[in-house]
Amino acid sequence: MAANPEFMNQPQIGFKLDGEEVFAFEGETILQAAKRHGKEIPHLCYSDNLRPDGNCRACVVEIEGERVLAPSCCRKPSEGMNIKAESERAVRSQKLVLELLKSDMPKQSQSPYTLKSELDFWAEKMDVGTPRFKGRSQPQADLSHPAISVNLDACIQCTRCLRACREEQMNDVIGYANRGSHSEIVFDIADPMGASSCVACGECVQACPTGALMPAGNVGLQEADKTVDSTCPYCGVGCLIKYHVKDNKILYTEGRDGYTNHFRLCVKGRYGFNYIHNPLRLTKPLIRREGVPKSTELLDPNDLDKEFREATWEEALDFAANGLKKIRDEKGKKALAGLGSAKGSNEEAYLFQKLVRIGFGSNNVDHCTRLCHASSVVALLECLGSGAVSNPVSDVAQAEVIIIIGSNPTVNHPVGATFMKNAAKRGTKIILMDPNRTAIAKYASHVLQFRPDTDVALLNGIMHTILAENLQNDAYIKQYTEGFDQMRTHLRNYSPEKVAPICGIDAETIKEVARLYATSKGSMILWGMGVSQHIHGTDNARCLIALALMTGQIGRPGTGLHPLRGQNNVQGASDVGLIPMVYPDYESVEDPKFRAKYEKLWNTELDPKRGLTTVEMIHAILDGEVFGMYIEGENPAMSDPNQNHARKALASLEHLVVQDIFLTETAGFADVILPASAFYEKTGTFSNTDRRVQMGRQAVNPPGEAKQDLWIIQEIAKRLGCDWNYQGPEDVFNEMRQAMTSIAGMTWERLENEDSLTYPLENVGDPGQPIIFTDGFPTATGRGRFVPADFIHADELPDNEYPLIFITGRQLEHWHTGSMTRHSPTLDAIEPDPVVSLHPLDLEKLGVEPGGFITVESRRGKLSAYARAELGIQKGTLFMAFCYNEASSNLVTNDALDPAAKIPEFKFCAVKAYAGGTPDQRIN
Amino acid sequence: MTVTVYVPNDSGALALGAGRIAAAIDKEAQKRGLDIKLVRNGSRGMFWLEPLVEVETSEGRIGYGPVQSKDISGLFDADFLNGGTHALEVGPIDEIPYFKNQQRLTFARIGLTDPISLDDYLAYDGYRGLKNALAMSGADIVRHVTDSGLRGRGGAAFPTGIKWNTVLNTPSEQKYIICNADEGDSGTFSDRMVMEGDPFVLIEGMTIAGLAVGATQGYIYLRVEYPHAHRALNTAIAKAYAAGYLGDNIQGSGKKFDLEVRLGAGAYICGEETSLMESLEGKRGLVRFKPPLPAISGLFGKPTIVNNVISLASVPIILDKGGEYYRDFGMGRSRGTLPIQLAGNIKYPGLVELAFGLTLRELLYEYGRGSASGRPIKAVQVGGPLGAYLPESQFDTPLDYEAFAAIWAVVGHGGIVVFDDTVDMAEMARYSMEFCAIESCGKCTPCRIGSTRGEEVIKDIIAGRDLHKNIPLLRDLCDTLLNGSLCALGGMTPYPVLSALNHFPEDFGITEQASAA
């Protein structure tokens with residue numbers, strides 16, 4: 001174990017190890033202390049990040065005065081202990097243990113599944129040859145899982161997988177069944193792994209020392225050319241990952257000890273990388289054939305050649321830029337719009353918004369933050385003066401109470417969820433508030449399955465109770481807030497008794513939750529898009545902020561507000577100004593002071609008016625205001641609400657430039673398609689949900705003629721008149737530092753060395769601030785503001801014709817519009833078909849069997865998919881992910897917007913559902 | 001006048017037909033118009049006499065046994081209700097040397113009383129220890145136990161007072177008392193006899209333990225194979241609650257102790273204290289690594305006393321008569337008495353409670369009267385399936401923890417299984433490995449794999465294959481089992497295996513010289 005900060009400045013325990021005077025820190029085991037002193041004692045069941053179990057006995061040592069040997073992985077030395085790890089007696093047992101374990105191996109030899117078997121390593125090091133014992137009768141291989149091969153003939157029953165599954169990730173799938181030499185690792189009730197409840201986080205694979213659990217496809221038998229330390233392309237948790245690469249291909253991944261993941265990963269981060277090796281990758285620039293009209297239908301890839309032709313980069317870039325230039329010059333600067341990506345790096349996002357603001361000449365630039373947390377950011381900026389989280393996810397370990405509202409963390413932030421589960425196991429109370437009883441409910445002390453859309457009523461009821469019972473933090477309110485009196489008056493109308501029938505949660509539960517939250521030593525609120533994606537999303541967030549302010553549950557460890565960010569760089573893309581209203585660091589484009597700052601920095605003139613948001617752009621196209629678009633790594637043809645409308649708009653664009661890695665649904669509407677780089681094919685920084693800026697490093701080269709996005713953006717910019725010459729991400733990052741106070745002190749070199757730094761980090765050498773608002777807020781008055789919110793209903797309520805509520809979201813294996821995950825053969829195999837989830841009683845009412853077809857229809861469109869019965873889904877509602885183009889949920893959703901944040905109401909629209917129908921043809 | 005007749009309700013006696021005998025006596029008495037009071041007592045522990053029928057007479061309790069159904073009518077004819085002479089008559093029970101010569105402290109009441117009668121219990125000095133304890137501080141109670149020299153009777157012989165003191169001095173809002181009643185060693189039955197024959201003594205002992213260390217909850221972890229004990233304990237616990245000996249306010253003292261019986265599920269390993277606690281917590285019976293000791297972090301992570309039935313059942317008399325009284329029995333560091341269980345190929349099998357110090361030979365021949373087959377005794381296994389096999393040359397070893405340790409043997413739970421000269425000790429060694437393989441929890445490598453591989457090696461030895469390789473291999477394996485196992489199951493399996501190999505090499509088809517190789 002490397003220097004462990006846990007042990008810093010702690011008392012030392014002196015003991016003798018093989019005659020040498022050494023010491024252990026308090027809490028250190030003999031094995032750990034020995035390792036720190038450079039002595040490796042053989043060990044197999046011990047792993048740095050798992051609870052020591054002491055079962056393999058390879059690490060036994062002799063302790064003077066004790067009758068038998070002791071496992072050094074479990075035993076802590078005491079002062080003056082005389083320990084021998086290398087005595088003849090200790091070594092004899094260490095070797096015999098290894099010999100016994102090796103006798104269990106296939107052919108009593110080396111592991112046939114990995115080149116890195118720890119058993120083989122120690123057997124060789126300890127000179128243990130062919131075992132003198134007979135072998136066991138071997139179990140059959142279990143190759144039922146798309147991601148993981150199970151070969152228990154190489155299992156040494158060290159239970160590292162079990163501890164990883166049950167104690168670390170807390171998925172409770174792996175068990176240890178039977179007794180004695182019949183003991184075996186099982187999945188659920190000895191199901192094949194592929195049929196078990198396994199969520200394929202792969203923690204067991206990473207923990208396995210002998211290759212009995214390995215990534216599928218025998219990758220463990222290939223020697224990697226190199227390993228690359230980077231991060232993850234998926235959610236906002238920002239796990240650090242090591243990529244093992246051979247012949248320009250990623251073989252497999254390994255969780256690193258990142259601040260947010262501590263070696264843990266989820267199915268997407270661990271197995272979802274292989275979309276980049278999909279043969280459907282775009283490898284050549286494509287230009288729409290002349291005279292081929294655009295249709296409002298999605299393009300069938302089989303028709304690609306009919307609609308597009310290959311082009312050189314020079315031709316494609318010229319074509320792309322000239323089309324944009326022509327519109328700009330002929331129809332005006334505001335006739336263009338750009339959509340950047342939350343999946344790209346900070347540097348790419350920064351350059352993209354700069355390109356739009358200078359090259360296009362307007363603020364018509366946005367990205368998918370509009371579709372996810374725009375409302376949260378608006379409320380946070382309005383009330384607290386800062387749009388990011390106050391405390392990191394890891395603070396759940398220090399909280400007494402965690403409210404999880406409108407978030408399904410085991411699906412959308414799986415690794416973050418493991419730390420929430422760990423906290424619950426240690427006694428932290430989780431209060432889950434969600435219309436659906438999601439998987440984390442198992443660990444919750446309170447589950448408030450409220451009616452969809454009634455968040456404001458529920459939260460106001462909670463706040464009413466706090467004031468009614470005088471549980472508010474008067475000192476905090478006085479010192480750090482404003483607008484409290486108005487809030488108090490406002491809340492009088494929201495007694496728990498009054499809101500109970502609205503939200504379907506009884507008054508007593510509302511009161512109990514209020515008391516728990518208000519009176520705990522530390523209460524934290526984590527939320528997701530169940531809060532934000534409503535026409536009252538901003539109001540929902542305002543209530544959460546008010547709740548934290550009135551109780552003073554903010555500004556300390558284990559408290560605060562945390563909107564869980566959905567994409568790996570949605571935080572960063574917003575931070576660097578990929579938003580129509582603000583420049584980097586959320587500096588308003590309509591504030592002359594900031595405009596002057598950027599006009600000076602960029603040496604240009606800037607548009608003084610805010611630009612169009614994502615959904616507004618679509619409307620503006622149909623309204624004849626926008627004629628040309630540049631879409632980089634976004635997929636509005638799938639992600640925007642009321643898609644028939646959106647697709648019609650995209651098809652009617654005069655000039656559409658799409659830059660992506662696959663022929664996305666949006667790319668089919670393009671005039672020119674630029675083949676770009678995937679996450680693993682470039683270097684850049686990515687900001688996670690905790691405000692951690694983390695280094696993503698290039699692991700492989702883009703395929704074919706595909707190019708890195710930074711280069712493409714710059715080439716387009718040059719052709720639009722920008723005189724840029726950035727040599728790489730470092731140059732861009734250094735310019736960002738000049739623009740952004742928040743990262744002014746963050747050097748590229750330090751990021752290279754430390755991989756992960758938290759902003760605000762204003763001066764070089766600052767440690768960074770994981771917890772902010774410790775002494776007031778960055779508002780004009782320095783105070784946090786209460787903004788009262790009244791309960792209003794969703795835009796479209798159920799009625800006789802459309803009696804059900806349709807809620808969209810994500811699934812564990814698929815991400816966003818599926819452009820990455822559905823191209824990953826592994827993830828696609830685990831969750832291959834579109835599903836709509838309903839309560840089993842609702843299914844019965846509709847006369848649909850689980851697995852049968854169901855059609856969902858709204859006033860705007862319809863889809864057909866497979867029906868899935870889920871007890872956690874609230875009766876009267878349907879849930880669906882938006883990643884399936886053969887049954888695109890956004891054909892059905894409503895494009896009504898939150899007035900403040902312009903976020904669409906993805907979480908609520910009225911539908912009818914009936915048996916039958918078939919999904920459309922899937923388009924790859 | 002009503003005559004009191006005793007027919008044991010002990011499962012040993014029941015297995016030999018005591019239930020039928022009791023019914024038949026009752027029926028015959030009714031038929032003959034005789035007024036009898038039938039009491040179902042515990043067993044005296046003289047199993048060759050079971051079913052042993054006792055009759056209360058002016059001369060004391062006169063015994064008849066072993067009684068079969070066909071004998072009933074003859075017994076009545078012989079006027080056994082008045083102590084009449086009969087071929088099965090064994091005279092006054094108290095005068096039978098096997099019984100008379102014992103020093104029954106823990107077993108003082110067993111066989112005398114109706115086990116589930118609280119009145120009987122109180123009439124025979126029951127709850128006197130608790131009465132004293134209620135007037136003492138916890139530390140004082142612990143001191144008495146420490147002074148008594150009582151050591152864990154489950155087999156490990158750890159000083160009970162030290163264990164209790166650790167729990168006493170570990171602050172915690174909740175502490176537990178666990179009685180390990182998972183008596184699973186071959187040839188042992190003393191726990192069962194206590195629970196069936198005098199359940200109140202165990203309840204009293206646990207209550208005192210609770211008072212001593214500040215534990216308010218006790219669990220008796222009982223093996224599922226003891227249904228009679230289960231019934232007896234539950235009946236006694238209910239009566240103790242009803243009479244205020246358990247519950248929130250023990251005998252008006254304001255002190256609390258709750259007790260319940262939990263059944264095991266048939267795993268031998270759950271007699272190991274850490275597995276037992278895992279099982280009690282509702283988990284799979286897997287051994288935990290120690291430290292932390294259960295006394296510091298035991299059941300549900302709380303300070304916990306885990307004691308064997310006999311240890312806890314010995315506490316009431318210690319608290320009644322004082323630590324010194326108990327300590328005055330025994331020898332060396334083995335103080336008090338040990339309920340020894342004689343079993344296997346022995347003429348007089350049974351329960352013999354004696355102060356430590358008697359030799360094996362005295363036990364086998366003066367009490368047991370030699371083998372049942374009449375053939376020479378070749379070996380005895382002391383202390384259950386993990387105890388060493390002792391040859392005749394070691395029969396003069398006194399029953400004393402230290403004396404046994406000195407000859408690489410264990411007293412264990414005091415069970416002695418006797419074998420005559422027809423036994424094949426190599427087969428017994430093989431069986432020991434097989435036992436370990438079957439009962440291993442499967443957690444640690446030496447026990448999980450080593451026991452199975454060990455059995456194979458012994459089979460090879462028995463078959464005469466590659467002795468020069470297999471004997472050293474067996475010794476290497478035993479060395480690692482002994483030194484490297486997680487608990488005593490793997491750690492002690494070498495005792496029977498190596499003792500058989502060392503003392504009886506000829507049974508392994510090898511010369512003395514080869515066995516030492």
# chains A, B, ... in the order shown; residues from 1 in each chain; ligands from 1
>>> residues_around(residues="B:Lys459", least_positions_apart="4", cutoff="10 Å", atoms="only C-alpha atoms", output="list in words")
Ala426, Glu427, Ala429, Arg430, Arg453, Gly454, Glu455, Ala463, Gly464, Arg465, Asn470 and Phe508 of chain B
>>> residues_around(residues="A:Glu168", least_positions_apart="4", cutoff="7 Å", atoms="only C-alpha atoms", output="list in words")
Arg163, Ala164 and Thr418 of chain A
>>> write_last_selection(atoms="N, CA and C atoms", output="PDB file, in the first residue's frame")
ATOM      1  N   ARG A 163     -17.060 -10.212  -1.535  1.00  0.00           N
ATOM      2  CA  ARG A 163     -16.971  -8.980  -0.745  1.00  0.00           C
ATOM      3  C   ARG A 163     -17.140  -7.754  -1.648  1.00  0.00           C
ATOM      4  N   ALA A 164     -16.572  -7.844  -2.867  1.00  0.00           N
ATOM      5  CA  ALA A 164     -16.731  -6.730  -3.808  1.00  0.00           C
ATOM      6  C   ALA A 164     -18.204  -6.542  -4.148  1.00  0.00           C
ATOM      7  N   THR A 418     -23.208   3.390  -4.970  1.00  0.00           N
ATOM      8  CA  THR A 418     -22.601   2.404  -4.057  1.00  0.00           C
ATOM      9  C   THR A 418     -22.171   3.075  -2.754  1.00  0.00           C
TER      10      THR A 418
END
>>> closest_residue(among="B:Asp507, B:Glu225, B:Glu196, B:Asp479", to="chain A", atoms="only C-alpha atoms")
B:Asp479
>>> closest_residue(among="A:Asp607, A:Gly504, A:Cys368, A:Gly220", to="A:Lys333", atoms="only C-alpha atoms")
A:Asp607
>>> closest_atom_pairs(of="chain B", to="chain A", cutoff="10 Å", atoms="only C-alpha atoms", output="CSV")
residue,atom,partner,partner_atom,distance
B:Ala267,CA,A:Arg179,CA,9.3
B:Ile269,CA,A:Arg179,CA,10.0
B:Arg284,CA,A:Tyr176,CA,8.7
B:Gly285,CA,A:Arg179,CA,9.4
B:Leu286,CA,A:Arg179,CA,9.3
B:Val287,CA,A:Asn55,CA,9.3
B:Arg288,CA,A:Asp53,CA,8.0
B:Phe289,CA,A:Gly54,CA,6.6
B:Lys290,CA,A:Arg75,CA,8.5
B:Pro291,CA,A:Arg75,CA,7.5
B:Pro292,CA,A:Arg75,CA,9.5
B:Cys436,CA,A:Gly180,CA,8.1
B:Ala437,CA,A:Gly180,CA,5.7
B:Ile438,CA,A:Gly180,CA,6.1
B:Glu439,CA,A:Gly180,CA,6.4
B:Ser440,CA,A:Gly180,CA,4.3
B:Cys441,CA,A:Arg179,CA,5.1
B:Gly442,CA,A:Gly180,CA,3.9
B:Lys443,CA,A:Asn55,CA,5.6
B:Cys444,CA,A:Asn55,CA,4.3
B:Thr445,CA,A:Cys56,CA,5.3
B:Pro446,CA,A:Val97,CA,6.4
B:Cys447,CA,A:Gly180,CA,7.6
B:Arg448,CA,A:Gly180,CA,4.9
B:Ile449,CA,A:Ser181,CA,5.8
B:Gly450,CA,A:Leu100,CA,6.7
B:Ser451,CA,A:Ser181,CA,8.2
B:Thr452,CA,A:Ser181,CA,6.8
B:Arg453,CA,A:Phe133,CA,6.3
B:Gly454,CA,A:Phe133,CA,8.6
B:Glu456,CA,A:Lys134,CA,7.8
B:Val457,CA,A:Phe133,CA,7.8
B:Lys469,CA,A:Arg132,CA,9.0
B:Asn470,CA,A:Arg132,CA,9.0
B:Leu473,CA,A:Arg132,CA,7.8
B:Asp476,CA,A:Leu96,CA,7.7
B:Leu477,CA,A:Leu96,CA,7.2
B:Cys478,CA,A:Ser93,CA,9.9
B:Asp479,CA,A:Ser93,CA,7.4
B:Thr480,CA,A:Ser93,CA,4.9
B:Leu481,CA,A:Ser93,CA,8.4
B:Leu482,CA,A:Val68,CA,7.1
B:Asn483,CA,A:Val68,CA,4.6
B:Gly484,CA,A:Leu69,CA,5.7
B:Ser485,CA,A:Arg57,CA,7.3
B:Leu486,CA,A:Asn55,CA,7.1
B:Gly491,CA,A:Val68,CA,8.6
>>> write_last_selection(atoms="C-alpha atoms", output="mmCIF file, in the first residue's frame")
data_model
loop_
_atom_site.group_PDB
_atom_site.id
_atom_site.type_symbol
_atom_site.label_atom_id
_atom_site.label_comp_id
_atom_site.auth_asym_id
_atom_site.auth_seq_id
_atom_site.Cartn_x
_atom_site.Cartn_y
_atom_site.Cartn_z
ATOM 1 C CA ALA B 267 -23.912 -27.680 11.061
ATOM 2 C CA ILE B 269 -19.183 -25.804 12.670
ATOM 3 C CA ARG B 284 -24.405 -18.605 6.929
ATOM 4 C CA GLY B 285 -22.351 -20.374 9.584
ATOM 5 C CA LEU B 286 -18.873 -19.205 8.661
ATOM 6 C CA VAL B 287 -15.989 -18.809 11.066
ATOM 7 C CA ARG B 288 -14.901 -15.249 11.862
ATOM 8 C CA PHE B 289 -11.330 -14.275 12.388
ATOM 9 C CA LYS B 290 -10.399 -13.463 15.976
ATOM 10 C CA PRO B 291 -9.469 -10.897 17.230
ATOM 11 C CA PRO B 292 -11.707 -9.106 17.883
ATOM 12 C CA CYS B 436 -13.297 -32.464 8.804
ATOM 13 C CA ALA B 437 -14.092 -32.474 5.093
ATOM 14 C CA ILE B 438 -17.800 -32.954 5.733
ATOM 15 C CA GLU B 439 -18.070 -30.441 8.521
ATOM 16 C CA SER B 440 -15.679 -27.768 7.254
ATOM 17 C CA CYS B 441 -17.373 -24.434 6.745
ATOM 18 C CA GLY B 442 -15.308 -24.056 3.594
ATOM 19 C CA LYS B 443 -13.769 -20.740 4.478
ATOM 20 C CA CYS B 444 -10.075 -21.374 5.014
ATOM 21 C CA THR B 445 -7.852 -23.208 2.589
ATOM 22 C CA PRO B 446 -6.208 -25.762 4.885
ATOM 23 C CA CYS B 447 -9.519 -27.058 6.177
ATOM 24 C CA ARG B 448 -11.535 -26.748 2.965
ATOM 25 C CA ILE B 449 -9.073 -28.306 0.575
ATOM 26 C CA GLY B 450 -6.648 -29.920 3.005
ATOM 27 C CA SER B 451 -9.191 -32.200 4.624
ATOM 28 C CA THR B 452 -10.374 -33.642 1.316
ATOM 29 C CA ARG B 453 -6.847 -34.026 -0.015
ATOM 30 C CA GLY B 454 -5.815 -35.397 3.384
ATOM 31 C CA GLU B 456 -7.076 -39.088 -0.218
ATOM 32 C CA VAL B 457 -3.513 -39.223 1.061
ATOM 33 C CA LYS B 469 6.134 -39.738 -0.200
ATOM 34 C CA ASN B 470 2.687 -39.907 1.312
ATOM 35 C CA LEU B 473 2.977 -35.320 2.757
ATOM 36 C CA ASP B 476 3.224 -31.563 6.050
ATOM 37 C CA LEU B 477 -0.486 -31.222 5.572
ATOM 38 C CA CYS B 478 -1.192 -31.759 9.263
ATOM 39 C CA ASP B 479 1.442 -29.177 10.088
ATOM 40 C CA THR B 480 -0.365 -26.571 8.005
ATOM 41 C CA LEU B 481 -3.794 -27.617 9.244
ATOM 42 C CA LEU B 482 -2.542 -27.234 12.785
ATOM 43 C CA ASN B 483 -0.749 -23.937 12.267
ATOM 44 C CA GLY B 484 -2.670 -22.291 9.516
ATOM 45 C CA SER B 485 -6.349 -23.107 9.952
ATOM 46 C CA LEU B 486 -8.835 -20.436 10.832
ATOM 47 C CA GLY B 491 -6.595 -26.831 13.576
#
>>> residues_around(residues="stretch 646-651 of chain A", least_positions_apart="2", cutoff="10 Å", atoms="only C-alpha atoms", output="ChimeraX atom specification")
/A:293-298,615,617-624,626-629,636-644,653-656,665-671,890-891,895
>>> atom_distance(atom1="atom CA of B:Ile416", atom2="atom CA of B:Gln341")
5.9 Å
>>> closest_residue(among="B:Tyr127, B:Phe329, B:Ile458, B:Ala156", to="B:Ala243", atoms="only C-alpha atoms")
B:Tyr127
>>> atom_distance(atom1="atom CA of B:Val167", atom2="atom CA of B:Ala295")
5.0 Å
>>> select_by_dssp(residues="stretch 74-107 of chain A", states="alpha helix (DSSP H)", output="mmCIF file with N, CA, C and O atoms, in the first residue's frame")
data_model
loop_
_atom_site.group_PDB
_atom_site.id
_atom_site.type_symbol
_atom_site.label_atom_id
_atom_site.label_comp_id
_atom_site.auth_asym_id
_atom_site.auth_seq_id
_atom_site.Cartn_x
_atom_site.Cartn_y
_atom_site.Cartn_z
ATOM 1 N N GLU A 88 11.084 -20.659 8.963
ATOM 2 C CA GLU A 88 10.874 -21.934 8.286
ATOM 3 C C GLU A 88 9.441 -22.414 8.517
ATOM 4 O O GLU A 88 8.773 -22.868 7.596
ATOM 5 N N ARG A 89 8.962 -22.214 9.747
ATOM 6 C CA ARG A 89 7.625 -22.684 10.104
ATOM 7 C C ARG A 89 6.544 -21.906 9.341
ATOM 8 O O ARG A 89 5.589 -22.479 8.808
ATOM 9 N N ALA A 90 6.699 -20.587 9.279
ATOM 10 C CA ALA A 90 5.713 -19.767 8.580
ATOM 11 C C ALA A 90 5.728 -20.085 7.085
ATOM 12 O O ALA A 90 4.682 -20.287 6.470
ATOM 13 N N VAL A 91 6.922 -20.141 6.534
ATOM 14 C CA VAL A 91 7.042 -20.363 5.086
ATOM 15 C C VAL A 91 6.484 -21.742 4.705
ATOM 16 O O VAL A 91 5.864 -21.901 3.655
ATOM 17 N N ARG A 92 6.691 -22.724 5.582
ATOM 18 C CA ARG A 92 6.185 -24.068 5.297
ATOM 19 C C ARG A 92 4.656 -24.034 5.095
ATOM 20 O O ARG A 92 4.129 -24.606 4.157
ATOM 21 N N SER A 93 3.971 -23.311 5.970
ATOM 22 C CA SER A 93 2.520 -23.231 5.831
ATOM 23 C C SER A 93 2.112 -22.360 4.647
ATOM 24 O O SER A 93 1.157 -22.672 3.934
ATOM 25 N N GLN A 94 2.828 -21.249 4.459
ATOM 26 C CA GLN A 94 2.516 -20.385 3.308
ATOM 27 C C GLN A 94 2.595 -21.196 2.020
ATOM 28 O O GLN A 94 1.717 -21.128 1.157
ATOM 29 N N LYS A 95 3.642 -21.988 1.918
ATOM 30 C CA LYS A 95 3.841 -22.753 0.680
ATOM 31 C C LYS A 95 2.801 -23.864 0.540
ATOM 32 O O LYS A 95 2.305 -24.132 -0.561
ATOM 33 N N LEU A 96 2.497 -24.506 1.654
ATOM 34 C CA LEU A 96 1.535 -25.602 1.542
ATOM 35 C C LEU A 96 0.140 -25.082 1.174
ATOM 36 O O LEU A 96 -0.599 -25.718 0.424
ATOM 37 N N VAL A 97 -0.180 -23.902 1.687
ATOM 38 C CA VAL A 97 -1.460 -23.288 1.307
ATOM 39 C C VAL A 97 -1.484 -23.036 -0.205
ATOM 40 O O VAL A 97 -2.452 -23.360 -0.897
ATOM 41 N N LEU A 98 -0.397 -22.471 -0.706
ATOM 42 C CA LEU A 98 -0.333 -22.212 -2.150
ATOM 43 C C LEU A 98 -0.404 -23.521 -2.937
ATOM 44 O O LEU A 98 -1.050 -23.603 -3.984
ATOM 45 N N GLU A 99 0.239 -24.552 -2.385
ATOM 46 C CA GLU A 99 0.220 -25.859 -3.052
ATOM 47 C C GLU A 99 -1.206 -26.426 -3.098
ATOM 48 O O GLU A 99 -1.656 -26.941 -4.114
ATOM 49 N N LEU A 100 -1.929 -26.284 -1.979
ATOM 50 C CA LEU A 100 -3.314 -26.766 -1.940
ATOM 51 C C LEU A 100 -4.182 -26.001 -2.941
ATOM 52 O O LEU A 100 -4.992 -26.587 -3.658
ATOM 53 N N LEU A 101 -3.999 -24.695 -2.974
ATOM 54 C CA LEU A 101 -4.809 -23.890 -3.898
ATOM 55 C C LEU A 101 -4.486 -24.243 -5.345
ATOM 56 O O LEU A 101 -5.359 -24.338 -6.194
ATOM 57 N N LYS A 102 -3.216 -24.458 -5.573
ATOM 58 C CA LYS A 102 -2.810 -24.802 -6.943
ATOM 59 C C LYS A 102 -3.353 -26.174 -7.331
ATOM 60 O O LYS A 102 -3.644 -26.431 -8.501
ATOM 61 N N SER A 103 -3.507 -27.039 -6.348
ATOM 62 C CA SER A 103 -4.051 -28.366 -6.664
ATOM 63 C C SER A 103 -5.502 -28.261 -7.121
ATOM 64 O O SER A 103 -6.020 -29.161 -7.773
#
>>> residues_around(residues="B:Val261", least_positions_apart="2", cutoff="12 Å", atoms="only C-alpha atoms", output="MDAnalysis selection string")
chainID B and resid 177:182 195 199 202:203 217:224 226:227 229:238 258:259 263:264 280
>>> residues_around(residues="B:Gly126", least_positions_apart="3", cutoff="10 Å", atoms="only C-alpha atoms", output="MDAnalysis selection string")
chainID B and resid 109 118:123 129:131 198 200:201 204 316:317 320
>>> residues_around(residues="A:Arg692", least_positions_apart="3", cutoff="6 Å", atoms="only C-alpha atoms", output="VMD selection string")
chain A and resid 687 to 688 757 to 758
>>> write_last_selection(atoms="N, CA, C and O atoms", output="PDB file, in the first residue's frame")
ATOM      1  N   SER A 687     -15.105  17.758 -16.384  1.00  0.00           N
ATOM      2  CA  SER A 687     -15.481  18.160 -15.020  1.00  0.00           C
ATOM      3  C   SER A 687     -16.673  17.324 -14.548  1.00  0.00           C
ATOM      4  O   SER A 687     -17.708  17.306 -15.203  1.00  0.00           O
ATOM      5  N   ASN A 688     -16.488  16.687 -13.431  1.00  0.00           N
ATOM      6  CA  ASN A 688     -17.548  15.782 -12.965  1.00  0.00           C
ATOM      7  C   ASN A 688     -18.558  16.516 -12.108  1.00  0.00           C
ATOM      8  O   ASN A 688     -18.468  17.726 -11.900  1.00  0.00           O
ATOM      9  N   LEU A 757      -8.583  17.706  -9.942  1.00  0.00           N
ATOM     10  CA  LEU A 757      -8.534  18.868  -9.056  1.00  0.00           C
ATOM     11  C   LEU A 757      -9.912  19.509  -8.987  1.00  0.00           C
ATOM     12  O   LEU A 757     -10.613  19.589  -9.987  1.00  0.00           O
ATOM     13  N   THR A 758     -10.271  19.956  -7.803  1.00  0.00           N
ATOM     14  CA  THR A 758     -11.598  20.534  -7.623  1.00  0.00           C
ATOM     15  C   THR A 758     -11.515  22.056  -7.657  1.00  0.00           C
ATOM     16  O   THR A 758     -10.657  22.643  -7.008  1.00  0.00           O
TER      17      THR A 758
END
>>> residues_around(residues="A:Ala320", least_positions_apart="4", cutoff="12 Å", atoms="only C-alpha atoms", output="VMD selection string")
chain A and resid 285 to 288 311 to 316 324 to 327 628 to 631 654 to 659 670 to 674 712 to 713 715 to 720
>>> atom_distance(atom1="atom CA of A:Ala349", atom2="atom CA of A:Thr369")
12.3 Å
>>> select_by_dssp(residues="stretch 160-328 of chain B", states="strand (DSSP E)", output="number ranges by chain")
B: 176-181, 217-222, 258-263, 304-308
>>> closest_residue(among="B:Met136, B:Leu293, B:Ala355, B:Val67", to="B:Val306", atoms="only C-alpha atoms")
B:Leu293
